[in-house]
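Input: a single structure, listed below in C-alpha cells.
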Amino acid sequence: MALKVCKFGGTSMADGNVMKAVKKIIEADPARRFVVVSAPGKRFSGDIKVTDLLYSCYDEIQKTGTCKEAFKAIRSRFESIAKELNMSIDVNADLDETQRRMDEENSKDFCASRGEYLSAKVMSKVLGAKFIDSEDVVFFNEYGVMDDKKTYKAIADAVADCDKAVFPGFYGKDIEGKIKTFSRGGSDITGAIVARAVNASEYENWTDVSGFLACDPRIVENPKRISTLSYKELRELSYMGANVLHTESVFPVRKANIPIIIKNTFRPEDEGTAILPVSQYKPEGNIVTGIAGKKNFTVILIEKNHMNNEVGFIRKVLSVLEKEGINIEHIPSGIDTMSVVVESSEIQGFKLERVIEEIKNDAEPDVIRVMENVALIATVGHGMSSSIGTSARLFKAMAEANINAKLIDQGSSELNIIVGVKNEDCERCIAAIYHEFFD
Ligand code: ADP
Ligand code: ASP
Ligand code: MG
C-alpha cells in the first residue's frame, strides 16, 4: 500500500494561510500519513526566517543572559500564524515554555531547533495528528553522526500506533541528551530519515518551486524543469549548490530505493521532479541535466618537474592538509602539476600561510601559488559520457561570455565537468552554460 512521507519547507510554513493549503494537500491523499516540517520561512522578500530570528535570540542570551527582546519577534510570528489559522489554536503556553527553556539551556542548537518544534506543534493541531518530538527519535552518536539503527527503530516504534503524525525537522539528540541540529536546510534530511524508517513508497518534498530546475531560478529566469533525476545527479547538483534539497538527504532514501518527489505547495497540480535510482531512471535525452555553482574556494597550485616520477609526492602534500584537519574538495592534476581545492572557510589567514610553509618544507615543490575567491561550477548529466564534444561546447560558451576557466576537473564518473572561475563570474558562467545546452 502506498505510504508517503511529506516534508514541508519554510515557505510552506510561513503563515497560517499557507498552512491551511498544506492541510488540504495532506488530506487530498490518504497515503500522506507522516509529515515533517521546517520552521516558518520568509513570507516576502526581506522577511527574516524564524531560524535566523532564533540565532539572534541565542546571541542576546550570550550578551544579557536572556532572549527577552529577540523572542518578541518569534512570539509575534506564531501569534499571527494562530490568528490566520482561525482554528482556536493556543500557542502561548508553548511559547512561554520555549522562551524559558532557551534561557535555561543556553545552547545555540537548542535555540535554532525551536522553530521546527513550534511549527510541528501547530501543524499537529491543524491536522489532528500525533506530535512526535524528533529529540525522542533522532539520535546522533559520539562522532556527531546520526545513529541510523537506533533512529530508524525509534521512529518505527513511535508511529506503530498512529495513522498520522507530525515531526519537527532539523534536529535530534546527542549522546549527552542535548539537542543537536543538522546543518542549515537539514529538515530535508529529517524527511528522508522518516521516509526510510517507515519504509515509505515515496518521499515527497514540498517547497516553493515546481521541481528541481536545470539551474538556480535566481540566476536564469524560468529555467527548464528536470522531470526525472538520478540520485547520483542529485547528489552532485545539491552538493554543488542547488540547495533546493539538502545534499545529505539522498543517503537514507537511496539505500532503500525510495523515490524523492519534489512538489510545489503553491501549485500542487504541477508535476514536479522525481528523483530515482539509476536503474529506474529514464533519461530525457538531454546531454546536460543541470548546472550548479558554489563560491569561495581556495586553490593551492603546485608545480614540480617530474612530479609523477617522485614516489610519495602527492601523499606528502595531502598529509599536510590532513594534519591540519582540512577537507579537500578536488585534486585536479597534470604531469608536473597538481592543485588542491578547499573551501576558503577551512583555510583562512594564518592557517593558509602555515599550510603553504609546511608543503614547501615537506614536498619541496618548484612553484607553489594560491588562488582565492574561486567559484566552482558543476555541469552534471548522465548523457555527458555518451556524447562527444560536450566540454568543447561548454568552453566555447564560457569563451563567448568572456569567462576564463581557472581550473578544470572532469570527474572519473563522467557524470560531471567542474570548472573554477572567479567568484564574480559565477552567475554569468552558470547562465552561459545553461543557454548553451538548453536554449
Ligand atoms: P524550503 O524552505 O522549501 O526547504 P529552500 O529555500 O531550501 O526551500 O529551497 C527552494 C529554493 O531553492 C527555491 O526557491 C530556489 O530559489 C532555490 N534553488 C536553487 N537552485 C535550484 C534548482 N536547481 N532548482 C530549484 N530551486 C533551486
Ligand atoms: N529551519 C532550518 C534552516 O533554516 C532547517 C530547514 O529549514 O530545513 O536552515
Ligand atoms: Mg530547504
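Each chain in the C-alpha cells gets a letter, A, B, ..., in the order shown, and its residues are numbered from 1; ligands are numbered from 1 in order too.
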
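Selection of all polymer residues within 8 Å of ligand 2 on the basis of only C-alpha atoms and all ligand atoms gives Gly9, Gly10, Ser38, Ala39, Pro40, Gly41, Lys49, Val50, Thr51, Asp52, Ala112, Ser113, Gly115, Glu116, Gly169, Phe170, Phe182, Ser183, Arg184, Gly185, Gly186, Ser187, Asp188, Ile189 and His246 of chain A.
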
>> What's around range 361-363 of chain A at 12 Å? Count only C-alpha atoms, leave out sequence neighbours fewer than 5 positions away in its own chain, and write the answer as a VMD selection string.
In response: chain A and resid 302 to 304 307 310 to 321 354 to 356 368

Filtering to C-alpha atoms, could you give me those residues as a compact mmCIF listing (two decimals), in the first residue's frame?
```txt
# COMPACT_ATOMS: atom_id res chain seq x y z
CA ILE A 302 51.79 23.17 -7.04
CA GLU A 303 54.37 22.54 -9.74
CA LYS A 304 57.36 20.26 -9.67
CA MET A 307 56.32 15.10 -10.06
CA GLU A 310 58.55 11.05 -7.40
CA VAL A 311 57.02 8.36 -5.26
CA GLY A 312 55.03 9.83 -2.39
CA PHE A 313 54.90 13.44 -3.63
CA ILE A 314 51.11 13.69 -3.61
CA ARG A 315 50.97 11.94 -0.25
CA LYS A 316 53.35 14.49 1.27
CA VAL A 317 51.16 17.35 0.07
CA LEU A 318 47.93 15.73 1.24
CA SER A 319 49.42 14.79 4.62
CA VAL A 320 49.92 18.47 5.38
CA LEU A 321 46.22 19.13 4.84
CA ARG A 354 51.12 27.60 7.71
CA VAL A 355 49.91 25.04 5.15
CA ILE A 356 51.97 26.68 2.40
CA ILE A 368 53.53 26.97 -5.17
```

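Every residue having at least one atom no farther than 7 Å from ligand 1 is included below, with only C-alpha atoms and all ligand atoms taken into account: Phe8, Gly9, Gly10, Thr11, Ser12, Gly41, Gly185, Asp188, Trp206, Thr207, Asp208, Val209, Gly211, Phe212, Leu213, Ala214, Cys215, Asp216, Pro217, Arg218, Gly241, Ala242, Asn243, Val244, Leu245 and Ala292 of chain A.
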
> Running DSSP on the backbone, which parts of range 35-201 of chain A land in alpha helix (DSSP H), as number ranges by chain?
Replying inline: A: 50-64, 71-85, 92-105, 108-127, 148-159, 187-197

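Between Lys4 in chain A and the candidates A:Asn286, A:Asn205, A:Thr265, A:Thr151, the tightest atom-to-atom separation, counting only C-alpha atoms, involves A:Asn205.
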
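Shortest separation to Ile326 in chain A among A:Glu346, A:Ala195, A:Val340, A:Leu127 occurs at residue A:Glu346, atoms counted being only C-alpha atoms.
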
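Nearest to ligand 3 of all the residues A:Ala120, A:Val137, A:Ile262, A:Met19 is A:Ile262, based on only C-alpha atoms and all ligand atoms.
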
> Hey, which of A:Phe350, A:Phe34, A:Val5, A:Val278 ends up closest to Asp163 in chain A? Count only C-alpha atoms.
Replying inline: A:Phe34
